[in-house]
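Contents: one structure, followed by commentary.
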Amino acid sequence: MNRNAMMLVRSDLLDRIDALASQSSHLKLAQLCEQVDAIRHIARVYGLQPVEQLASTLESALAFDGHGAMILSYLDLIRDAVGCEAIGPHVASAYLGAMSLRMGA
């Protein structure tokens with residue numbers, strides 16, 4: 001994929017994340033999960049493994065805990081991952097480690 005096309009994908013993901021962050025307190029859990037799943041799916045299609053992993057982890061957290069303040073921390077880190085040029089399992093692991101530290105695990 002060329003650089004301009006990837007910039008459009010990243011821009012779309014950032015728009016989705018920002019919209020989700022601003023609406024998260026007003027959405028039902030099912031709507032929230034659908035939007036996070038859409039982010040995860042786009043990340044998977046375009047090979048953005050760190051974004052995909054973080055979105056998947058957020059989906060699991062929502063399934064386990066439901067709504068909560070933690071969603072904004074996840075979305076902030078997912079936003080950072082969207083902007084990261086590096087991809088791969090080691091990058092995804094680093095972001096997941098950062099999330100664990102944020103959540104105090």
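Just remember, in the structure tokens the first chain shown is A, the second B, etc., residues are 1-based per chain, and ligands are 1-based in the order shown.
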
Every residue of chain A that DSSP places in alpha helix (DSSP H), as a short mmCIF file (atom, residue, chain, number, x, y, z; two decimals) with N, CA and C atoms, in the first residue's frame:
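Output file out38.cif follows:
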data_model
loop_
_atom_site.label_atom_id
_atom_site.label_comp_id
_atom_site.auth_asym_id
_atom_site.auth_seq_id
_atom_site.Cartn_x
_atom_site.Cartn_y
_atom_site.Cartn_z
N ARG A 3 2.09 5.16 0.55
CA ARG A 3 2.11 6.00 1.76
C ARG A 3 0.86 6.88 1.89
N ASN A 4 0.40 7.45 0.77
CA ASN A 4 -0.78 8.31 0.83
C ASN A 4 -2.03 7.54 1.23
N ALA A 5 -2.17 6.33 0.71
CA ALA A 5 -3.33 5.52 1.08
C ALA A 5 -3.29 5.16 2.56
N MET A 6 -2.11 4.84 3.07
CA MET A 6 -1.98 4.51 4.49
C MET A 6 -2.27 5.73 5.36
N MET A 7 -1.89 6.90 4.89
CA MET A 7 -2.20 8.12 5.64
C MET A 7 -3.71 8.31 5.75
N LEU A 8 -4.45 7.97 4.69
CA LEU A 8 -5.92 8.07 4.72
C LEU A 8 -6.51 7.08 5.72
N VAL A 9 -5.96 5.86 5.74
CA VAL A 9 -6.43 4.84 6.69
C VAL A 9 -6.18 5.31 8.12
N ARG A 10 -4.97 5.81 8.36
CA ARG A 10 -4.63 6.28 9.71
C ARG A 10 -5.52 7.46 10.11
N SER A 11 -5.78 8.36 9.16
CA SER A 11 -6.65 9.51 9.44
C SER A 11 -8.06 9.05 9.79
N ASP A 12 -8.57 8.07 9.04
CA ASP A 12 -9.89 7.53 9.32
C ASP A 12 -9.93 6.91 10.72
N LEU A 13 -8.89 6.16 11.07
CA LEU A 13 -8.85 5.54 12.40
C LEU A 13 -8.82 6.61 13.49
N LEU A 14 -8.02 7.64 13.29
CA LEU A 14 -7.96 8.72 14.29
C LEU A 14 -9.31 9.41 14.44
N ASP A 15 -9.99 9.63 13.32
CA ASP A 15 -11.33 10.24 13.39
C ASP A 15 -12.30 9.34 14.17
N ARG A 16 -12.24 8.05 13.92
CA ARG A 16 -13.10 7.10 14.63
C ARG A 16 -12.79 7.09 16.13
N ILE A 17 -11.51 7.09 16.46
CA ILE A 17 -11.10 7.07 17.87
C ILE A 17 -11.55 8.34 18.57
N ASP A 18 -11.34 9.49 17.93
CA ASP A 18 -11.76 10.77 18.53
C ASP A 18 -13.28 10.83 18.72
N ALA A 19 -14.01 10.36 17.74
CA ALA A 19 -15.48 10.35 17.85
C ALA A 19 -15.91 9.42 18.99
N LEU A 20 -15.28 8.27 19.07
CA LEU A 20 -15.61 7.31 20.11
C LEU A 20 -15.29 7.89 21.49
N ALA A 21 -14.16 8.55 21.61
CA ALA A 21 -13.78 9.15 22.90
C ALA A 21 -14.78 10.22 23.32
N SER A 22 -15.24 11.02 22.37
CA SER A 22 -16.17 12.10 22.72
C SER A 22 -17.57 11.58 23.02
N GLN A 23 -17.93 10.42 22.46
CA GLN A 23 -19.28 9.88 22.64
C GLN A 23 -19.35 8.74 23.64
N LEU A 29 -23.36 -0.01 25.71
CA LEU A 29 -22.22 -0.92 25.65
C LEU A 29 -22.13 -1.62 24.28
N ALA A 30 -23.25 -2.05 23.74
CA ALA A 30 -23.24 -2.73 22.44
C ALA A 30 -22.73 -1.80 21.34
N GLN A 31 -23.14 -0.54 21.37
CA GLN A 31 -22.67 0.43 20.36
C GLN A 31 -21.17 0.67 20.50
N LEU A 32 -20.73 0.78 21.72
CA LEU A 32 -19.32 0.99 22.01
C LEU A 32 -18.50 -0.19 21.47
N CYS A 33 -18.96 -1.39 21.75
CA CYS A 33 -18.27 -2.59 21.27
C CYS A 33 -18.23 -2.66 19.75
N GLU A 34 -19.32 -2.29 19.11
CA GLU A 34 -19.36 -2.29 17.64
C GLU A 34 -18.33 -1.34 17.05
N GLN A 35 -18.21 -0.17 17.64
CA GLN A 35 -17.27 0.82 17.12
C GLN A 35 -15.82 0.40 17.37
N VAL A 36 -15.54 -0.17 18.51
CA VAL A 36 -14.20 -0.67 18.79
C VAL A 36 -13.88 -1.82 17.85
N ASP A 37 -14.86 -2.67 17.59
CA ASP A 37 -14.66 -3.79 16.67
C ASP A 37 -14.37 -3.29 15.25
N ALA A 38 -15.01 -2.21 14.84
CA ALA A 38 -14.75 -1.64 13.51
C ALA A 38 -13.31 -1.14 13.43
N ILE A 39 -12.83 -0.51 14.48
CA ILE A 39 -11.44 -0.06 14.53
C ILE A 39 -10.50 -1.25 14.45
N ARG A 40 -10.79 -2.29 15.21
CA ARG A 40 -9.96 -3.49 15.19
C ARG A 40 -9.92 -4.11 13.80
N HIS A 41 -11.09 -4.19 13.17
CA HIS A 41 -11.18 -4.79 11.84
C HIS A 41 -10.36 -4.00 10.81
N ILE A 42 -10.49 -2.70 10.81
CA ILE A 42 -9.71 -1.86 9.88
C ILE A 42 -8.22 -2.06 10.12
N ALA A 43 -7.82 -2.07 11.38
CA ALA A 43 -6.41 -2.27 11.70
C ALA A 43 -5.92 -3.62 11.19
N ARG A 44 -6.74 -4.64 11.33
CA ARG A 44 -6.35 -5.98 10.85
C ARG A 44 -6.19 -5.98 9.33
N VAL A 45 -7.14 -5.40 8.62
CA VAL A 45 -7.10 -5.38 7.15
C VAL A 45 -5.84 -4.68 6.65
N GLN A 49 -0.89 -4.07 13.34
CA GLN A 49 -1.01 -5.04 14.43
C GLN A 49 -1.10 -4.41 15.82
N PRO A 50 -0.30 -3.38 16.14
CA PRO A 50 -0.45 -2.80 17.48
C PRO A 50 -1.85 -2.23 17.73
N VAL A 51 -2.41 -1.58 16.73
CA VAL A 51 -3.76 -1.03 16.86
C VAL A 51 -4.77 -2.16 17.01
N GLU A 52 -4.61 -3.19 16.20
CA GLU A 52 -5.52 -4.35 16.27
C GLU A 52 -5.48 -4.99 17.65
N GLN A 53 -4.28 -5.20 18.18
CA GLN A 53 -4.13 -5.85 19.50
C GLN A 53 -4.74 -5.01 20.60
N LEU A 54 -4.49 -3.71 20.57
CA LEU A 54 -5.05 -2.84 21.61
C LEU A 54 -6.57 -2.79 21.54
N ALA A 55 -7.11 -2.71 20.33
CA ALA A 55 -8.57 -2.70 20.17
C ALA A 55 -9.17 -4.02 20.65
N SER A 56 -8.50 -5.11 20.36
CA SER A 56 -8.97 -6.42 20.82
C SER A 56 -8.95 -6.51 22.34
N THR A 57 -7.90 -5.96 22.94
CA THR A 57 -7.80 -5.96 24.40
C THR A 57 -8.88 -5.08 25.01
N LEU A 58 -9.16 -3.94 24.36
CA LEU A 58 -10.24 -3.08 24.84
C LEU A 58 -11.58 -3.81 24.74
N GLU A 59 -11.81 -4.53 23.66
CA GLU A 59 -13.05 -5.31 23.53
C GLU A 59 -13.19 -6.30 24.68
N SER A 60 -12.11 -6.97 25.01
CA SER A 60 -12.14 -7.93 26.13
C SER A 60 -12.42 -7.23 27.44
N ALA A 61 -11.79 -6.08 27.65
CA ALA A 61 -12.02 -5.32 28.89
C ALA A 61 -13.47 -4.87 28.99
N LEU A 62 -14.03 -4.43 27.87
CA LEU A 62 -15.44 -4.01 27.87
C LEU A 62 -16.35 -5.20 28.18
N ALA A 63 -16.03 -6.35 27.63
CA ALA A 63 -16.84 -7.54 27.88
C ALA A 63 -16.77 -7.94 29.35
N PHE A 64 -15.60 -7.74 29.95
CA PHE A 64 -15.41 -8.13 31.34
C PHE A 64 -15.95 -7.10 32.31
N ASP A 65 -15.67 -5.81 32.06
CA ASP A 65 -16.00 -4.75 33.01
C ASP A 65 -17.12 -3.82 32.57
N MET A 70 -11.69 3.49 32.14
CA MET A 70 -10.54 2.91 31.46
C MET A 70 -10.61 3.07 29.95
N ILE A 71 -11.78 3.26 29.39
CA ILE A 71 -11.89 3.34 27.93
C ILE A 71 -11.08 4.50 27.37
N LEU A 72 -11.04 5.62 28.05
CA LEU A 72 -10.28 6.76 27.53
C LEU A 72 -8.78 6.50 27.54
N SER A 73 -8.30 5.76 28.54
CA SER A 73 -6.88 5.38 28.55
C SER A 73 -6.56 4.47 27.38
N TYR A 74 -7.43 3.52 27.12
CA TYR A 74 -7.24 2.64 25.96
C TYR A 74 -7.25 3.46 24.66
N LEU A 75 -8.22 4.33 24.52
CA LEU A 75 -8.33 5.11 23.28
C LEU A 75 -7.12 6.02 23.09
N ASP A 76 -6.58 6.58 24.15
CA ASP A 76 -5.37 7.40 24.04
C ASP A 76 -4.20 6.58 23.52
N LEU A 77 -4.05 5.38 24.05
CA LEU A 77 -2.94 4.53 23.63
C LEU A 77 -3.17 4.00 22.20
N ILE A 78 -4.40 3.70 21.85
CA ILE A 78 -4.70 3.27 20.48
C ILE A 78 -4.39 4.42 19.52
N ARG A 79 -4.74 5.64 19.90
CA ARG A 79 -4.43 6.82 19.08
C ARG A 79 -2.92 6.91 18.85
N ASP A 80 -2.13 6.70 19.90
CA ASP A 80 -0.67 6.71 19.77
C ASP A 80 -0.20 5.61 18.81
N ALA A 81 -0.79 4.44 18.93
CA ALA A 81 -0.39 3.31 18.08
C ALA A 81 -0.72 3.56 16.62
N VAL A 82 -1.81 4.26 16.34
CA VAL A 82 -2.16 4.59 14.96
C VAL A 82 -1.05 5.41 14.31
N GLY A 83 -0.46 6.31 15.07
CA GLY A 83 0.59 7.17 14.54
C GLY A 83 1.96 6.52 14.47
N PRO A 89 4.90 -7.80 16.02
CA PRO A 89 4.58 -8.33 17.35
C PRO A 89 5.33 -7.62 18.48
N HIS A 90 6.57 -7.24 18.25
CA HIS A 90 7.34 -6.57 19.31
C HIS A 90 6.75 -5.19 19.64
N VAL A 91 6.22 -4.51 18.64
CA VAL A 91 5.61 -3.20 18.87
C VAL A 91 4.28 -3.38 19.60
N ALA A 92 3.50 -4.37 19.17
CA ALA A 92 2.23 -4.66 19.85
C ALA A 92 2.49 -5.01 21.31
N SER A 93 3.52 -5.80 21.57
CA SER A 93 3.85 -6.17 22.96
C SER A 93 4.22 -4.95 23.78
N ALA A 94 4.95 -4.02 23.18
CA ALA A 94 5.33 -2.80 23.91
C ALA A 94 4.10 -1.98 24.28
N TYR A 95 3.16 -1.85 23.34
CA TYR A 95 1.94 -1.10 23.63
C TYR A 95 1.09 -1.81 24.68
N LEU A 96 1.00 -3.12 24.61
CA LEU A 96 0.24 -3.86 25.61
C LEU A 96 0.89 -3.73 26.99
N GLY A 97 2.22 -3.71 27.01
CA GLY A 97 2.93 -3.49 28.27
C GLY A 97 2.64 -2.10 28.84
N ALA A 98 2.61 -1.12 27.96
CA ALA A 98 2.29 0.24 28.39
C ALA A 98 0.88 0.31 28.96
N MET A 99 -0.05 -0.41 28.34
CA MET A 99 -1.42 -0.43 28.85
C MET A 99 -1.48 -1.09 30.22
N SER A 100 -0.73 -2.15 30.39
CA SER A 100 -0.70 -2.80 31.71
C SER A 100 -0.20 -1.84 32.79
N LEU A 101 0.80 -1.06 32.45
CA LEU A 101 1.31 -0.08 33.42
C LEU A 101 0.27 0.99 33.72
N ARG A 102 -0.44 1.45 32.69
CA ARG A 102 -1.47 2.46 32.91
C ARG A 102 -2.59 1.94 33.80
N MET A 103 -2.91 0.67 33.62
CA MET A 103 -4.02 0.09 34.38
C MET A 103 -3.57 -0.43 35.74
#

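Closest approach to Gly47 of chain A among A:Gly104, A:Gly66, A:Gly88, A:Lys28: A:Gly88, based on only C-alpha atoms.
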